[in-house]
Amino acid sequence: MKFLIKFSTCLLLIGGFTGRVVAQEKTAQKSTFNKYEAFSPLFMTDKVNAFHSATGNPGPEYWQNRANYKIKATLDTINQKIEGKVTINYINNSPYNLEFLWLQLDQNTFKKESRGSALYPANDRNGVHTFTNGYELKSVGIKMDRGRMQKANYLVSDTRMQIRLPEELKAKGKEMEITINYSFDIPEHGKDRMGRVKTKNGWIYTLAQWYPRIEVMDEVDGWSTLPYLGTGEFYLDYGDFDYEITAPADMIVVGSGLLQNPKEVLTKYEQKQLEKAWKSDKTVSIQSEKQMLDRADHHKADNRGMLTWHFKIAQSRDISWAASKAFIWDAAKINLPKGKTALAQSVYPVENSGMDGYGRSTEYVKNSIELYSNKWFSYTYPVATNVGAHEGGMEYPGIVFCNFKSKGASLWGVINHEFGHNWFPMIVGSNERKYAWMDEGFNTFINGVDTKEFNNGEYYHKSNLQSMGSGLFNDRLDPVFTVPDVIHNQGNLGMEAYSKPGAALQVLRNSVLGKDRFDYAFQTYIKRWAFKHPTPWDFFNTMNSAAGEDLTWFWKGWFMNNWKLDQAVEGVKYVDGDPKKGSLISLLNKNKMAMPVTLKITEANNTTKTVKLPVEIWMTGPEYIYNYESTSKIVSVEIDPDHEIPDLNPSNNTLIVLLDAPVGLTAQKVIDTYIDAIGGQNKLAAVKDISTSMTASIQGTEIKIDTKKKNSSKYLMTVSIPIANRVAIKYVVNGDAVSIISNGRAQNIDQKEKQRVLSEAVIFPELEYGQKGYQTALLGMQMTNGQHLYVVQVTAPSGEISKEYYDVASGLKTKQEVLGGKSVLITEYSNYKLVNGIKIPYTQTSNSFGQSIEMKLNEVKVNGGIDDSNFK
């Protein structure tokens, strides 16, 4: 029913797609599949050596350097500045004598002349909203071989610093010290990774990338000196951290690791409550709103000035911290394998402290850590802290920063995702600057496993992976194996770094290896590479070895290339024309990716059988004939009946033998029955305007969709993200004038797209079927899950072709498939309710934005008198 919206189109525009997501046919070939390319043995053979073995294990000569840090820093809330001193104990475990060292100076990305500022516009998530001077280096000293401290000879280049040593740092375990005195201004928007935000009771400071850090040197890249630009995250060596933060006494400070001096910085009540939380499975309040205000008044009255908070964390690659006088603080015990425990805690402002918001934050932290620990690898840090601040979501060892406005499923989703990063890449230390998919994609996968288990699936929605094909296999995407800053486009990044590799692991687990083999291999990978630096090849080789499967074809299709999957049922023939002698089912692999095939075969005698065919069936080429032992005629053949594998064109996955419609029945009669079922032609024709408001959730983030239509010639549709206070897409139709604004920018549209949008303005297009350029045809009748449906094909004036399915018993429309090129956009309608005498579906499910999205109608107004000013 088009009077709501074609949600599938607008959502793809949110992700940066400005046209139809469907790719047009570029070739008349029946298939582009090449068995020699898909199953070529020449893959990964040159990526193994004594450091990274073909088994996926670290090689016998694997090594990595180590950096231990001691830091003292002061938070200056008057000048919004950090003053710090860092001492780095650097251990050269490599077989090479080092003539120089490289350090990261990430704060320099906020300088006006930085490379990151040149790459990203100011309004981008990774753009610089307010420039700073970056790091102000007051002194840089080095101490060689336990000698005296001396002034360092150094060079700063963008976000990197080279220290040129006066003598070589010897190989195989020799150490040196670097001491740097520095300061920097705290940016208000730190590329959505750190910064400060003002709340009702004061500023919240989230400090990350807040001290100079050693770059990684390894046998893969040598010195890893890619600059910090924004999208590419971090790559760091492991070490122990001992750090002190001096901040105003009325503030609570939380950080990576364990607080060492609670008696010096906490009140006796706070100490008592904290001790209680370490033993409690239920959330314990450490500082309520009242106590937060009392603490501020108390420290103001006794004029204590500043307090120093002391933290330690071992075997970590980084540390971060947060401070505010506006924090509410609560905590609970985390139960880990083998009887070990840790502490889950949350600090957040009062603005969202209810049980629909951060009142459940610690519960979410506790459950996330426990579920990941029991499933994959035990959590290794003493504390897990969630900070409610201004970041959309950012992860660091033992601490994460999440948006303090998040609620419900969105809050669970961001906490669960950010803490999943403590496994990838905090425990398994992959290179985020190059391989975003090895942390974001792997994390996205384990998020789904975790969410299914949490609180009996409170926030779990079974994904329809099959419907993700149009998004994951879009021509505009880069291969997953792309440096994140090269991807650049945030919509593409979401697909290539998060959704696509996450979906790949889900497919590998459910449809290729099975849960037991996959889980064992994945656990083996984590165990082998915990606190080490794996390459993609280490992951591929470990999974191959531990699962006992040559997955070359899988890695090439999903990760190395932007191959697409389009499997189709081409037809059914019977042996000697007799179904009792067997059926010959023709399958076609239409695109370059290969995948195993699951077939659901239904016969006229109601016999149903599920058959699993291995990926090796495609070793003979793109066409495969399956000889099925049938006993009667086949009614339907369906590939991937459980929708576990993304497919570019799900419509050709199913071959349904349509039944003949009753004699004399036409498409127009089916449409007329539908019009009568929802209220009748007179009532529908009397509708002059209609407005609707819907909500949906995309990966835990609420999306709001509002539409207004008037006289079938005026149309307004907005898709907004409430938590971000942002309109992502806006359509306006006013007569023949059409405009589309995506993320604040007007989009250029061609005539075909314009015609499609104009058709959206029509309140009830079914009233116009058979006239005004529409063409309809009754294709027949099909039986689905015991329900008989009439199938009507509709060709719109724009040339767009759709199939519409109408329930024989009720006359109501149940589904619409919009055909286009290689993809089909499917919307299902249900939960019809009467509004002013007209039946309207309050639930729509669409295969848009790379997943199955359920949209709930919250409000409908019919003939509410919409003003024309809405359409300007």
# chains A, B, ... in the order shown; residues from 1 in each chain; ligands from 1
call {"tool": "select_by_dssp", "arguments": {"residues": "range 15-255 of chain A", "states": "helix (DSSP H, G or I)", "output": "PyMOL selection string"}}
result
chain A and resi 35-38+106-110+115-119
call {"tool": "residues_around", "arguments": {"residues": "Asn447 in chain A", "least_positions_apart": "6", "cutoff": "9 Å", "atoms": "only C-alpha atoms", "output": "ChimeraX atom specification"}}
result
/A:368,372,413,416-417,420
call {"tool": "write_last_selection", "arguments": {"atoms": "N, CA and C atoms", "output": "compact mmCIF listing (two decimals), in the first residue's frame"}}
result
# COMPACT_ATOMS: atom_id res chain seq x y z
N SER A 368 27.05 -8.14 29.07
CA SER A 368 27.89 -8.18 27.87
C SER A 368 29.20 -8.90 28.17
N TYR A 372 30.29 -12.67 26.63
CA TYR A 372 31.48 -12.79 25.78
C TYR A 372 32.53 -13.68 26.43
N GLY A 413 22.52 -1.87 22.56
CA GLY A 413 23.29 -2.11 21.34
C GLY A 413 24.65 -1.44 21.37
N ASN A 416 26.89 -3.04 24.25
CA ASN A 416 27.29 -4.39 23.86
C ASN A 416 28.32 -4.34 22.74
N HIS A 417 28.14 -3.43 21.79
CA HIS A 417 29.10 -3.31 20.69
C HIS A 417 30.45 -2.79 21.19
N GLY A 420 32.28 -5.28 23.15
CA GLY A 420 32.76 -6.36 22.29
C GLY A 420 34.15 -6.07 21.75
call {"tool": "closest_residue", "arguments": {"among": "A:Gly392, A:Leu274, A:Asp281, A:Ala296", "to": "Asn367 in chain A", "atoms": "only C-alpha atoms"}}
result
A:Asp281
call {"tool": "closest_atom_pairs", "arguments": {"of": "range 730-768 of chain A", "to": "range 685-693 of chain A", "cutoff": "9 Å", "atoms": "only C-alpha atoms", "output": "Markdown table"}}
result
| residue | atom | partner | partner_atom | distance |
| --- | --- | --- | --- | --- |
| A:Ile763 | CA | A:Ile690 | CA | 7.6 |
| A:Phe764 | CA | A:Ala685 | CA | 8.4 |
| A:Leu767 | CA | A:Ala685 | CA | 8.1 |
call {"tool": "residues_around", "arguments": {"residues": "range 139-150 of chain A", "least_positions_apart": "3", "cutoff": "6 Å", "atoms": "only C-alpha atoms", "output": "mmCIF file with N, CA, C and O atoms, in the first residue's frame"}}
result
data_model
loop_
_atom_site.group_PDB
_atom_site.id
_atom_site.type_symbol
_atom_site.label_atom_id
_atom_site.label_comp_id
_atom_site.auth_asym_id
_atom_site.auth_seq_id
_atom_site.Cartn_x
_atom_site.Cartn_y
_atom_site.Cartn_z
ATOM 1 N N MET A 176 65.022 1.144 26.716
ATOM 2 C CA MET A 176 65.359 2.555 26.857
ATOM 3 C C MET A 176 64.134 3.289 27.385
ATOM 4 O O MET A 176 63.032 2.735 27.420
ATOM 5 N N GLU A 177 64.345 4.530 27.806
ATOM 6 C CA GLU A 177 63.247 5.343 28.316
ATOM 7 C C GLU A 177 63.082 6.596 27.461
ATOM 8 O O GLU A 177 64.058 7.171 26.994
ATOM 9 N N ILE A 178 61.835 6.993 27.309
ATOM 10 C CA ILE A 178 61.500 8.253 26.662
ATOM 11 C C ILE A 178 60.622 9.022 27.632
ATOM 12 O O ILE A 178 59.638 8.464 28.150
ATOM 13 N N THR A 179 60.952 10.259 27.909
ATOM 14 C CA THR A 179 60.144 11.093 28.795
ATOM 15 C C THR A 179 59.724 12.341 28.038
ATOM 16 O O THR A 179 60.571 13.047 27.467
ATOM 17 N N ILE A 180 58.420 12.602 28.023
ATOM 18 C CA ILE A 180 57.880 13.748 27.279
ATOM 19 C C ILE A 180 56.981 14.560 28.194
ATOM 20 O O ILE A 180 56.060 14.016 28.826
ATOM 21 N N ASN A 181 57.254 15.839 28.287
ATOM 22 C CA ASN A 181 56.361 16.786 28.944
ATOM 23 C C ASN A 181 55.551 17.484 27.862
ATOM 24 O O ASN A 181 56.129 18.014 26.894
#
call {"tool": "residues_around", "arguments": {"residues": "range 528-538 of chain A", "least_positions_apart": "6", "cutoff": "10 Å", "atoms": "only C-alpha atoms", "output": "MDAnalysis selection string"}}
result
chainID A and resid 44:45 47:48 52:58 62:64 216 218 220 235:239 315:317 377 423:431 435 437:438 481 522 544 555 559
call {"tool": "select_by_dssp", "arguments": {"residues": "range 482-723 of chain A", "states": "strand (DSSP E)", "output": "ChimeraX atom specification"}}
result
/A:567-574,583-589,597-603,608-613,623-628,634-639,654-656,689-698,701-710,714-721
call {"tool": "closest_atom_pairs", "arguments": {"of": "range 106-169 of chain A", "to": "range 72-81 of chain A", "cutoff": "12 Å", "atoms": "only C-alpha atoms", "output": "JSON lines"}}
result
{"residue": "A:Thr132", "atom": "CA", "partner": "A:Lys81", "partner_atom": "CA", "distance": 10.6}
{"residue": "A:Asn133", "atom": "CA", "partner": "A:Lys81", "partner_atom": "CA", "distance": 11.3}
{"residue": "A:Gly134", "atom": "CA", "partner": "A:Lys81", "partner_atom": "CA", "distance": 11.0}
{"residue": "A:Tyr135", "atom": "CA", "partner": "A:Lys81", "partner_atom": "CA", "distance": 10.8}
{"residue": "A:Glu136", "atom": "CA", "partner": "A:Lys81", "partner_atom": "CA", "distance": 11.0}
call {"tool": "residues_around", "arguments": {"residues": "Pro95 in chain A", "least_positions_apart": "5", "cutoff": "12 Å", "atoms": "only C-alpha atoms", "output": "VMD selection string"}}
result
chain A and resid 51 61 to 65 169 to 174 217 to 219
call {"tool": "residues_around", "arguments": {"residues": "Val611 in chain A", "least_positions_apart": "6", "cutoff": "10 Å", "atoms": "only C-alpha atoms", "output": "number ranges by chain"}}
result
A: 597-601, 628, 639
call {"tool": "write_last_selection", "arguments": {"atoms": "C-alpha atoms", "output": "PDB file, in the first residue's frame"}}
result
ATOM      1  CA  VAL A 597      23.014 -24.587  -1.461  1.00  0.00           C
ATOM      2  CA  THR A 598      20.130 -25.588   0.783  1.00  0.00           C
ATOM      3  CA  LEU A 599      16.992 -26.594  -1.121  1.00  0.00           C
ATOM      4  CA  LYS A 600      13.469 -26.909   0.220  1.00  0.00           C
ATOM      5  CA  ILE A 601      11.417 -28.991  -2.192  1.00  0.00           C
ATOM      6  CA  TYR A 628      15.644 -35.419  -6.907  1.00  0.00           C
ATOM      7  CA  ILE A 639      16.998 -21.967  -2.217  1.00  0.00           C
TER       8      ILE A 639
END
call {"tool": "residues_around", "arguments": {"residues": "Val808 in chain A", "least_positions_apart": "2", "cutoff": "9 Å", "atoms": "only C-alpha atoms", "output": "PyMOL selection string"}}
result
chain A and resi 670+781+787-790+806+810-812
call {"tool": "closest_residue", "arguments": {"among": "A:Phe539, A:Tyr715, A:Tyr829, A:Tyr769", "to": "Asp867 in chain A", "atoms": "only C-alpha atoms"}}
result
A:Tyr715
call {"tool": "atom_distance", "arguments": {"atom1": "CA of Gln681 in chain A", "atom2": "CA of Pro765 in chain A"}}
result
11.8 Å
